[in-house]
Amino acid sequence: MKQFRELSIDGCPEIGRGAHGIVYRIAPDMLVKVYNPNASLDDIRQERELARWAFVKGIPTAIPFDIVRVGEQYGTVFELLNSRSSADYINESPEHFEQFLQSSVELMKQVHAIEVEPGILPDMKQQTMGWLAKIREVLSPETYTAAVRLVEEIPDRYTVLHADFHMKNILICNKELMLIDMDTLCTGDPIFELATIFASYRQFPSLNPKAVEMLGIDVETGMKVCDRTFELYLEGADEEELRRTKRKAQILCCIRIIDFFSRHAEIPDRDECVDRCLQDMTELLKE
């Protein structure tokens with residue numbers, strides 16, 4: 001078995017965090033992503049290939065180039081000059097808040113402008129239907145039927161989605177935005193992307209305020225990020241269209257969150273969080 005270089009992150013600041021790992025700065029121009037303990041070498045190599053694919057497609061991202069060992073976990077090293085977290089950027093310079101959100105929405109639309117052939121990436125609509133099937137036993141028949149109908153009515157699209165688009169996955173690099181964590185890339189209607197944004201900035205924090213602290217901001221700022229992102233993405237939409245879009249996004253994010261909690265019995269207050277999402281989902285589907 002190949003021996004990987006050992007790397008220490010002692011004293012290194014965290015500047016990014018995604019679904020499968022945490023990014024630390026190990027040098028002024030060098031970062032390392034430390035993967036969760038259950039990540040396999042195949043998973044890591046797959047993400048590296050996805051990052052290269054995304055870069056070729058025009059998505060501004062960093063390409064990991066070296067696999068290392070960080071304690072008992074794996075990591076990948078990549079180079080980004082003068083990079084900093086977007087949370088640090090807006091916390092230290094609140095006057096740049098609006099500019100950052102406009103740039104992040106432009107970046108999101110840049111990703112969504114890419115269309116691929118079916119089967120190139122996972123299909124988020126199919127994944128969502130799979131999650132619904134797995135959580136069916138905790139839903140009432142009426143809620144399950146209404147949720148299936150809502151997902152089925154979403155158009156089949158092969159638009160590229162990041163699917164974990166939040167501030168810990170957006171770095172500021174020489175005043176330009178860079179998107180990291182390509183292992184969640186998939187395809188689907190952009191409403192699925194907006195659902196992950198609602199989850200990050202509103203739904204998860206409503207279950208536990210510490211969820212938004214993980215992003216490096218407070219609850220109030222998180223709500224502002226969510227609301228303004230929807231407004232900018234749906235440019236020109238009236239209040240009713242914004243309300244309907246947020247409703248659909250919240251239902252979709254609740255499906256994903258309930259499935260997530262169902263697979264993680266070790267999470268404190270799991271049952272309470274599931275009950276809250278079930279309540280929200282049920283009420284929203286009655287509208």
# chains A, B, ... in the order shown; residues from 1 in each chain; ligands from 1
$ residues_around --residues "A:Met223" --least-positions-apart "3" --cutoff "9 Å" --atoms "only C-alpha atoms" --output "PyMOL selection string"
chain A and resi 198+201-202+218-220+226-228
$ write_last_selection --atoms "C-alpha atoms" --output "tab-separated table (two decimals), in the first residue's frame"
chain	number	residue	atom	x	y	z
A	198	PHE	CA	-32.36	27.58	2.58
A	201	TYR	CA	-28.97	29.64	6.36
A	202	ARG	CA	-32.51	29.13	7.69
A	218	ASP	CA	-24.63	34.77	13.30
A	219	VAL	CA	-28.27	33.75	12.84
A	220	GLU	CA	-29.45	37.21	11.74
A	226	CYS	CA	-30.67	33.54	2.46
A	227	ASP	CA	-33.31	36.16	1.72
A	228	ARG	CA	-31.04	38.39	-0.36
$ select_by_dssp --residues "stretch 143-203 of chain A" --states "helix (DSSP H, G or I)" --output "ChimeraX atom specification"
/A:143-153,167-169,182-184,191-203
$ closest_atom_pairs --of "stretch 103-149 of chain A" --to "stretch 39-61 of chain A" --cutoff "9 Å" --atoms "only C-alpha atoms" --output "Markdown table"
| residue | atom | partner | partner_atom | distance |
| --- | --- | --- | --- | --- |
| A:Leu107 | CA | A:Ile59 | CA | 8.2 |
| A:Gln110 | CA | A:Ile59 | CA | 7.3 |
| A:Val111 | CA | A:Ile59 | CA | 6.3 |
| A:Ile114 | CA | A:Lys57 | CA | 7.6 |
$ closest_residue --among "A:Leu132, A:Leu177, A:Cys186, A:Val225" --to "A:Ile257" --atoms "only C-alpha atoms"
A:Leu132
$ atom_distance --atom1 "atom CA of A:Glu283" --atom2 "atom CA of A:Arg247"
10.2 Å
$ select_by_dssp --residues "stretch 13-133 of chain A" --states "strand (DSSP E)" --output "JSON list (two decimals) with C-alpha atoms, in the first residue's frame"
[["chain", "number", "residue", "atom", "x", "y", "z"],
["A", 14, "GLU", "CA", -9.96, 26.74, 9.33],
["A", 15, "ILE", "CA", -11.10, 28.65, 6.25],
["A", 16, "GLY", "CA", -13.63, 26.31, 4.64],
["A", 17, "ARG", "CA", -16.01, 23.50, 5.53],
["A", 21, "GLY", "CA", -14.34, 17.70, 5.15],
["A", 22, "ILE", "CA", -12.70, 20.83, 6.55],
["A", 23, "VAL", "CA", -10.22, 23.10, 4.76],
["A", 24, "TYR", "CA", -7.24, 24.56, 6.65],
["A", 25, "ARG", "CA", -4.54, 27.01, 5.61],
["A", 26, "ILE", "CA", -1.12, 25.38, 6.07],
["A", 27, "ALA", "CA", 0.93, 28.10, 4.32],
["A", 30, "MET", "CA", -1.31, 26.39, 0.45],
["A", 31, "LEU", "CA", -4.48, 24.74, 1.79],
["A", 32, "VAL", "CA", -5.37, 21.22, 2.85],
["A", 33, "LYS", "CA", -8.81, 19.64, 2.91],
["A", 34, "VAL", "CA", -9.05, 17.06, 5.69],
["A", 35, "TYR", "CA", -11.74, 14.52, 4.87],
["A", 66, "ASP", "CA", -1.35, 15.77, -3.42],
["A", 67, "ILE", "CA", -3.00, 13.21, -1.11],
["A", 68, "VAL", "CA", -1.61, 13.24, 2.44],
["A", 69, "ARG", "CA", -2.28, 11.72, 5.85],
["A", 70, "VAL", "CA", -3.47, 14.00, 8.63],
["A", 73, "GLN", "CA", -7.56, 10.79, 8.17],
["A", 74, "TYR", "CA", -6.76, 11.57, 4.56],
["A", 75, "GLY", "CA", -6.33, 15.02, 3.12],
["A", 76, "THR", "CA", -5.63, 16.71, -0.18],
["A", 77, "VAL", "CA", -3.38, 19.70, -0.67],
["A", 78, "PHE", "CA", -4.10, 22.47, -3.15],
["A", 79, "GLU", "CA", -2.76, 25.90, -3.92],
["A", 83, "SER", "CA", -7.22, 33.05, -0.10],
["A", 84, "ARG", "CA", -9.51, 33.85, 2.82],
["A", 85, "SER", "CA", -12.92, 32.71, 3.99]]
$ closest_residue --among "A:Ile180, A:Leu150, A:Leu285, A:Leu185" --to "A:Ala163" --atoms "only C-alpha atoms"
A:Leu185
$ closest_residue --among "A:Ser206, A:Asn91, A:Thr145, A:Thr229" --to "A:Ser103" --atoms "only C-alpha atoms"
A:Thr229
$ closest_residue --among "A:Gln127, A:Glu106, A:Phe97, A:Ile63" --to "A:Gly222" --atoms "only C-alpha atoms"
A:Phe97
$ residues_around --residues "A:Pro118" --least-positions-apart "4" --cutoff "9 Å" --atoms "only C-alpha atoms" --output "list in words"
Pro122, Asp123, Arg157, Tyr158 and Thr187 of chain A
$ atom_distance --atom1 "atom CA of A:Leu278" --atom2 "atom CA of A:Phe204"
13.3 Å
$ residues_around --residues "A:Lys246" --least-positions-apart "4" --cutoff "8 Å" --atoms "only C-alpha atoms" --output "compact mmCIF listing (two decimals) with C-alpha atoms, in the first residue's frame"
# COMPACT_ATOMS: atom_id res chain seq x y z
CA ALA A 195 -33.06 24.36 -1.26
CA PHE A 198 -32.36 27.58 2.58
CA PHE A 230 -33.24 34.44 -3.32
CA LEU A 242 -40.44 34.70 -3.85
CA GLN A 250 -37.95 24.64 2.34
$ atom_distance --atom1 "atom CA of A:Ile251" --atom2 "atom CA of A:Cys277"
8.7 Å
$ closest_residue --among "A:Trp131, A:Met167, A:Asn38, A:Glu287" --to "A:Phe100" --atoms "only C-alpha atoms"
A:Met167
$ closest_residue --among "A:Met124, A:Ile258, A:Met108, A:Leu139" --to "A:Asn169" --atoms "only C-alpha atoms"
A:Met108
$ decode --residues "stretch 166-190 of chain A" --atoms "N, CA and C atoms" --output "short mmCIF file (atom, residue, chain, number, x, y, z; two decimals), in the first residue's frame"
data_model
loop_
_atom_site.label_atom_id
_atom_site.label_comp_id
_atom_site.auth_asym_id
_atom_site.auth_seq_id
_atom_site.Cartn_x
_atom_site.Cartn_y
_atom_site.Cartn_z
N HIS A 166 -22.59 27.25 0.12
CA HIS A 166 -22.66 28.13 1.28
C HIS A 166 -21.30 28.79 1.50
N MET A 167 -21.24 29.68 2.48
CA MET A 167 -20.07 30.54 2.64
C MET A 167 -18.79 29.79 2.97
N LYS A 168 -18.88 28.63 3.60
CA LYS A 168 -17.67 27.88 3.92
C LYS A 168 -17.10 27.18 2.69
N ASN A 169 -17.86 27.15 1.62
CA ASN A 169 -17.36 26.58 0.37
C ASN A 169 -17.04 27.65 -0.67
N ILE A 170 -17.11 28.91 -0.25
CA ILE A 170 -16.76 30.02 -1.14
C ILE A 170 -15.57 30.76 -0.52
N LEU A 171 -14.47 30.78 -1.21
CA LEU A 171 -13.27 31.47 -0.74
C LEU A 171 -13.04 32.73 -1.57
N ILE A 172 -12.45 33.74 -0.93
CA ILE A 172 -12.05 34.95 -1.63
C ILE A 172 -10.57 34.81 -1.98
N CYS A 173 -10.26 34.86 -3.25
CA CYS A 173 -8.89 34.67 -3.71
C CYS A 173 -8.54 35.81 -4.66
N ASN A 174 -7.68 36.73 -4.15
CA ASN A 174 -7.33 37.92 -4.94
C ASN A 174 -8.58 38.66 -5.41
N LYS A 175 -9.53 38.83 -4.49
CA LYS A 175 -10.78 39.56 -4.70
C LYS A 175 -11.76 38.83 -5.62
N GLU A 176 -11.40 37.63 -6.06
CA GLU A 176 -12.30 36.81 -6.87
C GLU A 176 -12.85 35.67 -6.02
N LEU A 177 -14.06 35.22 -6.34
CA LEU A 177 -14.67 34.12 -5.60
C LEU A 177 -14.27 32.78 -6.21
N MET A 178 -13.88 31.86 -5.32
CA MET A 178 -13.51 30.51 -5.73
C MET A 178 -14.42 29.52 -5.01
N LEU A 179 -14.91 28.54 -5.72
CA LEU A 179 -15.82 27.54 -5.16
C LEU A 179 -15.05 26.25 -4.91
N ILE A 180 -15.15 25.72 -3.70
CA ILE A 180 -14.46 24.47 -3.38
C ILE A 180 -15.48 23.38 -3.06
N ASP A 181 -14.98 22.17 -2.80
CA ASP A 181 -15.81 21.01 -2.49
C ASP A 181 -16.66 20.60 -3.70
N MET A 182 -16.01 19.98 -4.65
CA MET A 182 -16.70 19.56 -5.86
C MET A 182 -17.34 18.18 -5.74
N ASP A 183 -17.19 17.53 -4.57
CA ASP A 183 -17.71 16.17 -4.45
C ASP A 183 -19.23 16.10 -4.39
N THR A 184 -19.90 17.25 -4.30
CA THR A 184 -21.37 17.25 -4.27
C THR A 184 -21.97 17.62 -5.62
N LEU A 185 -21.15 17.81 -6.66
CA LEU A 185 -21.67 18.20 -7.97
C LEU A 185 -22.74 17.23 -8.45
N CYS A 186 -23.79 17.78 -9.04
CA CYS A 186 -24.88 16.97 -9.56
C CYS A 186 -25.62 17.80 -10.61
N THR A 187 -26.72 17.28 -11.12
CA THR A 187 -27.52 18.03 -12.07
C THR A 187 -28.96 18.11 -11.59
N GLY A 188 -29.68 19.11 -12.10
CA GLY A 188 -31.08 19.26 -11.74
C GLY A 188 -31.55 20.69 -11.91
N ASP A 189 -32.81 20.91 -11.62
CA ASP A 189 -33.37 22.26 -11.65
C ASP A 189 -32.74 23.10 -10.54
N PRO A 190 -32.46 24.38 -10.79
CA PRO A 190 -31.84 25.24 -9.76
C PRO A 190 -32.60 25.33 -8.45
#
